[in-house]
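J.: What follows is run37.txt, made up of compact mmCIF, C-alpha atoms:
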```
# COMPACT_ATOMS: atom_id res chain seq x y z
CA GLU A 1 0.00 0.00 0.00
CA GLN A 2 2.87 2.40 0.70
CA ALA A 3 4.07 2.06 -2.91
CA VAL A 4 0.59 2.77 -4.26
CA ASP A 5 0.22 5.79 -1.99
CA ALA A 6 3.64 7.12 -3.01
CA TYR A 7 2.96 6.87 -6.74
CA GLU A 8 -0.54 8.30 -6.40
CA SER A 9 0.93 11.26 -4.49
CA ALA A 10 3.50 11.77 -7.24
CA LEU A 11 0.77 11.72 -9.87
CA GLU A 12 -1.22 14.36 -8.01
CA LEU A 13 1.76 16.65 -8.62
CA GLU A 14 2.53 15.38 -12.14
CA PRO A 15 -0.57 13.70 -13.65
CA GLU A 16 1.11 13.46 -17.07
CA ASN A 17 4.08 11.46 -15.74
CA ALA A 18 3.91 8.22 -17.75
CA THR A 19 6.78 6.59 -15.85
CA ALA A 20 5.00 7.12 -12.53
CA ARG A 21 1.82 5.65 -14.01
CA ALA A 22 3.72 2.57 -15.19
CA SER A 23 5.24 2.21 -11.71
CA LEU A 24 1.80 2.57 -10.13
CA ALA A 25 0.54 -0.16 -12.47
CA ASP A 26 3.33 -2.46 -11.23
CA ALA A 27 2.32 -1.75 -7.65
CA TRP A 28 -1.35 -2.50 -8.38
CA LEU A 29 -0.32 -5.73 -10.10
CA ASP A 30 1.77 -6.76 -7.08
CA TYR A 31 -1.23 -6.15 -4.83
CA GLY A 32 -3.49 -8.27 -7.03
CA PHE A 33 -5.48 -5.56 -8.81
CA PRO A 34 -4.86 -6.22 -12.53
CA ARG A 35 -7.78 -4.06 -13.68
CA LYS A 36 -6.29 -1.01 -11.98
CA ALA A 37 -2.93 -1.91 -13.51
CA ILE A 38 -4.50 -2.03 -16.97
CA GLU A 39 -6.09 1.41 -16.45
CA GLU A 40 -2.76 2.96 -15.49
CA LEU A 41 -0.85 1.28 -18.33
CA ASP A 42 -3.42 2.37 -20.91
CA ARG A 43 -3.07 5.94 -19.67
CA ALA A 44 0.73 5.66 -19.67
CA ARG A 45 0.68 4.42 -23.26
CA GLU A 46 -1.48 7.38 -24.29
CA LEU A 47 0.90 9.81 -22.60
CA ALA A 48 4.19 8.29 -23.76
CA PRO A 49 3.86 5.46 -26.29
CA GLU A 50 7.65 5.32 -26.66
CA ALA A 51 8.41 4.92 -22.93
CA PRO A 52 10.05 1.52 -22.29
CA GLU A 53 8.56 1.36 -18.78
CA THR A 54 5.07 1.22 -20.25
CA TRP A 55 5.90 -1.76 -22.44
CA ILE A 56 7.68 -3.53 -19.60
CA GLY A 57 4.56 -3.05 -17.49
CA LEU A 58 2.39 -4.44 -20.28
CA GLY A 59 4.75 -7.40 -20.57
CA ARG A 60 4.50 -8.14 -16.86
CA LEU A 61 0.72 -7.91 -17.02
CA ALA A 62 0.58 -10.30 -19.97
CA LEU A 63 3.00 -12.68 -18.27
CA ARG A 64 0.88 -12.68 -15.13
CA GLY A 65 -2.12 -13.60 -17.26
CA GLY A 66 -0.28 -16.43 -19.03
CA LYS A 67 -0.24 -14.61 -22.39
CA LEU A 68 3.34 -15.53 -23.19
CA ASP A 69 3.41 -14.40 -26.83
CA ASP A 70 2.06 -10.98 -25.88
CA ALA A 71 4.50 -10.71 -23.00
CA GLU A 72 7.45 -11.56 -25.24
CA ALA A 73 6.36 -8.99 -27.82
CA HIS A 74 5.98 -6.27 -25.17
CA PHE A 75 9.40 -6.93 -23.60
CA LYS A 76 11.02 -6.95 -27.03
CA LYS A 77 9.27 -3.66 -27.86
CA ALA A 78 10.79 -2.16 -24.70
CA LEU A 79 14.23 -3.30 -25.85
CA THR A 80 13.79 -1.56 -29.19
CA LEU A 81 13.15 1.64 -27.27
CA ARG A 82 15.98 1.17 -24.77
CA ALA A 83 18.59 -1.44 -25.55
CA LYS A 84 20.14 -3.38 -22.68
CA ASP A 85 17.24 -2.83 -20.30
CA VAL A 86 17.60 -5.14 -17.30
CA ASP A 87 13.87 -5.31 -16.51
CA ALA A 88 12.94 -6.18 -20.08
CA GLU A 89 15.58 -8.92 -20.20
CA LEU A 90 14.39 -10.32 -16.86
CA GLY A 91 10.87 -10.37 -18.25
CA LEU A 92 12.01 -12.27 -21.33
CA GLY A 93 13.85 -14.74 -19.12
CA ARG A 94 10.62 -15.45 -17.24
CA VAL A 95 8.72 -15.89 -20.50
CA TYR A 96 11.27 -18.42 -21.72
CA PHE A 97 11.24 -20.20 -18.37
CA ALA A 98 7.45 -20.56 -18.60
CA ARG A 99 7.83 -22.04 -22.09
CA GLY A 100 10.63 -24.38 -21.07
CA GLN A 101 13.09 -22.69 -23.45
CA ARG A 102 16.09 -23.16 -21.17
CA ASP A 103 18.83 -21.90 -23.50
CA ALA A 104 16.88 -18.74 -24.33
CA GLU A 105 16.08 -18.24 -20.65
CA LEU A 106 19.73 -18.47 -19.63
CA ALA A 107 20.77 -16.12 -22.45
CA ALA A 108 18.20 -13.53 -21.35
CA TYR A 109 19.44 -13.61 -17.77
CA ARG A 110 23.03 -13.26 -18.95
CA ARG A 111 21.98 -10.18 -20.91
CA ALA A 112 20.21 -8.85 -17.83
CA VAL A 113 23.39 -9.14 -15.77
CA ALA A 114 25.38 -7.50 -18.55
CA ALA A 115 22.83 -4.68 -18.76
CA ASP A 116 23.12 -3.92 -15.03
CA PRO A 117 26.00 -5.64 -13.20
CA SER A 118 24.83 -4.08 -9.93
CA ASN A 119 21.37 -5.70 -10.05
CA ALA A 120 21.09 -8.39 -7.38
CA ALA A 121 17.79 -9.73 -8.74
CA ALA A 122 19.39 -10.36 -12.13
CA TYR A 123 22.13 -12.43 -10.52
CA GLY A 124 19.51 -14.30 -8.51
CA GLU A 125 17.57 -15.25 -11.64
CA LEU A 126 20.79 -16.17 -13.46
CA GLY A 127 21.83 -18.36 -10.54
CA LEU A 128 18.51 -20.17 -10.48
CA SER A 129 18.67 -20.76 -14.22
CA LEU A 130 22.21 -22.14 -13.91
CA HIS A 131 21.17 -24.32 -10.97
CA ASN A 132 18.25 -25.76 -12.93
CA ALA A 133 20.66 -26.49 -15.80
CA GLY A 134 22.83 -28.55 -13.46
CA ARG A 135 25.65 -25.98 -13.43
CA THR A 136 25.85 -25.79 -9.67
CA GLY A 137 29.29 -24.22 -9.41
CA ASP A 138 28.30 -21.37 -11.70
CA ALA A 139 25.03 -21.02 -9.79
CA VAL A 140 26.91 -20.65 -6.50
CA ALA A 141 29.01 -17.86 -8.01
CA ALA A 142 25.89 -16.04 -9.22
CA PHE A 143 24.10 -16.35 -5.86
CA GLN A 144 27.23 -15.21 -4.03
CA ARG A 145 27.33 -12.12 -6.23
CA ALA A 146 23.63 -11.49 -5.55
CA VAL A 147 24.10 -11.47 -1.77
CA VAL A 148 27.19 -9.27 -2.05
CA LEU A 149 25.12 -6.75 -3.99
CA ASP A 150 22.15 -7.04 -1.60
CA ALA A 151 22.92 -8.57 1.78
CA ARG A 152 19.17 -8.50 2.65
CA PHE A 153 18.19 -10.63 -0.35
CA ALA A 154 16.68 -13.53 1.59
CA LYS A 155 15.77 -15.64 -1.44
CA ALA A 156 19.33 -15.47 -2.78
CA HIS A 157 20.71 -16.66 0.57
CA TYR A 158 18.15 -19.48 0.49
CA LEU A 159 19.04 -20.53 -3.06
CA LEU A 160 22.73 -20.30 -2.22
CA GLY A 161 22.08 -22.72 0.63
CA PHE A 162 20.45 -25.15 -1.80
CA ALA A 163 23.38 -24.91 -4.18
CA TYR A 164 25.91 -25.41 -1.40
CA PHE A 165 24.09 -28.50 -0.21
CA LYS A 166 24.04 -29.91 -3.73
CA GLN A 167 27.80 -29.35 -3.84
CA ARG A 168 28.14 -31.30 -0.58
CA GLN A 169 29.05 -28.27 1.45
CA PRO A 170 26.55 -28.71 4.30
CA GLU A 171 28.10 -26.27 6.76
CA GLU A 172 28.00 -23.51 4.14
CA ALA A 173 24.40 -24.49 3.39
CA VAL A 174 23.50 -24.16 7.07
CA ALA A 175 25.07 -20.69 7.20
CA SER A 176 23.15 -19.54 4.11
CA PHE A 177 19.81 -20.91 5.32
CA ARG A 178 20.38 -19.28 8.72
CA GLN A 179 21.06 -15.98 6.98
CA ALA A 180 17.83 -16.31 5.00
CA VAL A 181 15.70 -16.86 8.11
CA ALA A 182 17.50 -14.11 10.01
CA ILE A 183 16.38 -11.70 7.27
CA ASP A 184 12.89 -13.21 6.97
CA PRO A 185 11.84 -15.14 10.11
CA LEU A 186 8.64 -16.28 8.35
CA TYR A 187 10.53 -17.94 5.47
CA ALA A 188 9.05 -21.39 6.05
CA ASP A 189 10.92 -23.17 3.24
CA ALA A 190 14.25 -21.83 4.50
CA HIS A 191 13.53 -23.09 8.02
CA TYR A 192 12.49 -26.47 6.66
CA ASN A 193 15.54 -26.92 4.47
CA LEU A 194 17.79 -25.76 7.29
CA GLY A 195 16.25 -28.55 9.32
CA LYS A 196 16.91 -31.09 6.56
CA VAL A 197 20.60 -30.19 6.38
CA LEU A 198 20.97 -30.24 10.18
CA GLU A 199 19.29 -33.63 10.24
CA LYS A 200 21.80 -34.90 7.65
CA LEU A 201 24.58 -33.59 9.90
CA ALA A 202 23.19 -35.66 12.79
CA ARG A 203 22.16 -32.57 14.79
CA PRO A 204 18.59 -33.59 15.66
CA ALA A 205 17.92 -31.01 18.37
CA GLU A 206 18.82 -28.14 16.03
CA ALA A 207 16.89 -29.78 13.20
CA ALA A 208 13.81 -30.08 15.40
CA GLU A 209 13.96 -26.38 16.24
CA ALA A 210 14.22 -25.50 12.54
CA TYR A 211 11.20 -27.68 11.74
CA ARG A 212 9.25 -26.05 14.59
CA ALA A 213 10.10 -22.64 13.17
CA ALA A 214 8.85 -23.75 9.75
CA ILE A 215 5.57 -24.86 11.32
CA ARG A 216 5.23 -21.61 13.25
CA ALA A 217 5.69 -19.72 9.98
CA GLN A 218 3.31 -22.02 8.09
CA PRO A 219 1.13 -24.20 10.37
CA ASP A 220 -0.08 -26.40 7.49
CA TYR A 221 3.46 -27.31 6.37
CA GLY A 222 2.91 -31.07 6.25
CA ASP A 223 6.49 -32.05 5.38
CA ALA A 224 7.80 -30.06 8.35
CA VAL A 225 5.26 -31.71 10.68
CA LEU A 226 6.36 -35.18 9.52
CA ALA A 227 10.04 -34.25 9.78
CA LEU A 228 9.58 -32.96 13.33
CA GLU A 229 7.87 -36.19 14.32
CA ARG A 230 10.80 -38.10 12.84
CA VAL A 231 13.54 -36.24 14.74
CA ALA A 232 11.61 -35.52 17.93
CA PRO A 233 8.78 -38.05 18.23
CA GLN A 234 6.13 -37.29 20.80
CA ARG A 235 6.08 -39.78 23.63
CA PRO A 236 2.74 -41.07 24.87
```
Translate this file's structure into structure tokens.
T.:
Amino acid sequence: EQAVDAYESALELEPENATARASLADAWLDYGFPRKAIEELDRARELAPEAPETWIGLGRLALRGGKLDDAEAHFKKALTLRAKDVDAELGLGRVYFARGQRDAELAAYRRAVAADPSNAAAYGELGLSLHNAGRTGDAVAAFQRAVVLDARFAKAHYLLGFAYFKQRQPEEAVASFRQAVAIDPLYADAHYNLGKVLEKLARPAEAAEAYRAAIRAQPDYGDAVLALERVAPQRP
């Protein structure tokens, strides 16, 4: 709501600001109001049809609605207006992921990183793409870069933990999962996977506490409930 309020306040001062309208559309989309997003994007396109932000917003809206061809066309339109745009390339990467076009997905995320080497989200997406391609070492490097760029990026810490564990570096995985839950105490999956690694390390008391934290964050987390019963069975 704060983002919506901020952009609406900006538009009260500058109602013809197409970039602010595109940003407001993104905020409405994030809050689950696609119709309001459409209204703002239509107005932004009227005001500035050559603004890349408008086409990126339209691409995100189409992607959210599963209209992959439209989303691809919109992101590519944005790139014709501003080459090497990190948000447009990230959008294309997500389109290609949804289609299962793994090579194109990875290429788009590489372009995103090249477009903005300081963008932690771009490194996070690149790392996930590399991880899914079985290139765990390269994924670790990408996730490490992401958390250097943004130390509060909980998901990158979480994914780095996954990659470390796959590389048989359990202590590093524990440290990364702990960092993720320190940033976001309600990150149920991070608590659960921390518990799994601790269980593998034969540290059942710590594993049980991690599983309890996962359940506190998400009471219907069935796998965590079963895991807790396994490491700390209730006695009659």
J.: As an exercise, work out the distance from CA of Leu186 in chain A to CA of Ala217 in chain A in Å and give it to one decimal place.
T.: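 So the answer is 4.8 Å.
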J.: Within 12 Å of range 220-226 of chain A, counting all atoms listed in the file, which residues show up once you throw out same-chain ones fewer than 2 positions away? Write them as a VMD selection string, please.
T.: chain A and resid 187 to 196 207 to 218 228 to 234
J.: Rounded to one decimal in Å, what is the spacing between CA of Ala25 in chain A and CA of Asp70 in chain A?
T.: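 Interatomic distance here is 17.3 Å.
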J.: Counting only C-alpha atoms, which residue out of A:Ala112, A:Leu106, A:Ala48, A:Leu198 sits closest to Arg135 in chain A?
T.: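 Counting only C-alpha atoms, the residue closest to Arg135 in chain A is A:Leu106.
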J.: What's around Glu46 in chain A at 12 Å? Count all atoms listed in the file, leave out sequence neighbours fewer than 5 positions away in its own chain, and write the answer as number ranges by chain.
T.: A: 16-19, 21-22, 39-41, 51, 54-55
J.: Which polymer residues have any atom within 10 Å of an atom of Gly57 in chain A, counting only C-alpha atoms, with same-chain residues fewer than 2 positions away left out, as a PyMOL selection string?
T.: chain A and resi 21-26+29+37-38+40-41+44+52-55+59-63+71+74-75+78+87-88+91
J.: So which residues fall inside 12 Å of (29.4, -25.0, 6.0) if we count only C-alpha atoms? Mind giving them as a ChimeraX atom specification?
T.: /A:160-165,167-178,194,197-198,201
J.: In Å to one decimal, how far is CA of Asp138 in chain A from CA of Ser118 in chain A?
T.: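 Computed distance, CA of Ser118 in chain A to CA of Asp138 in chain A, equals 17.7 Å.
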J.: Pick the closest to Glu8 in chain A from A:Ile56, A:Ala115, A:Ala20, A:Ala154: which is it, counting all atoms listed in the file?
T.: A:Ala20
J.: Skipping near chain neighbours, those fewer than 3 positions away, what residues fall within 9 Å of Ala114 in chain A using only C-alpha atoms, listed as a compact mmCIF listing (two decimals) with C-alpha atoms, in the frame of the given file?
T.:
```
# COMPACT_ATOMS: atom_id res chain seq x y z
CA LYS A 84 20.14 -3.38 -22.68
CA VAL A 86 17.60 -5.14 -17.30
CA TYR A 109 19.44 -13.61 -17.77
CA ARG A 110 23.03 -13.26 -18.95
CA ARG A 111 21.98 -10.18 -20.91
CA PRO A 117 26.00 -5.64 -13.20
```
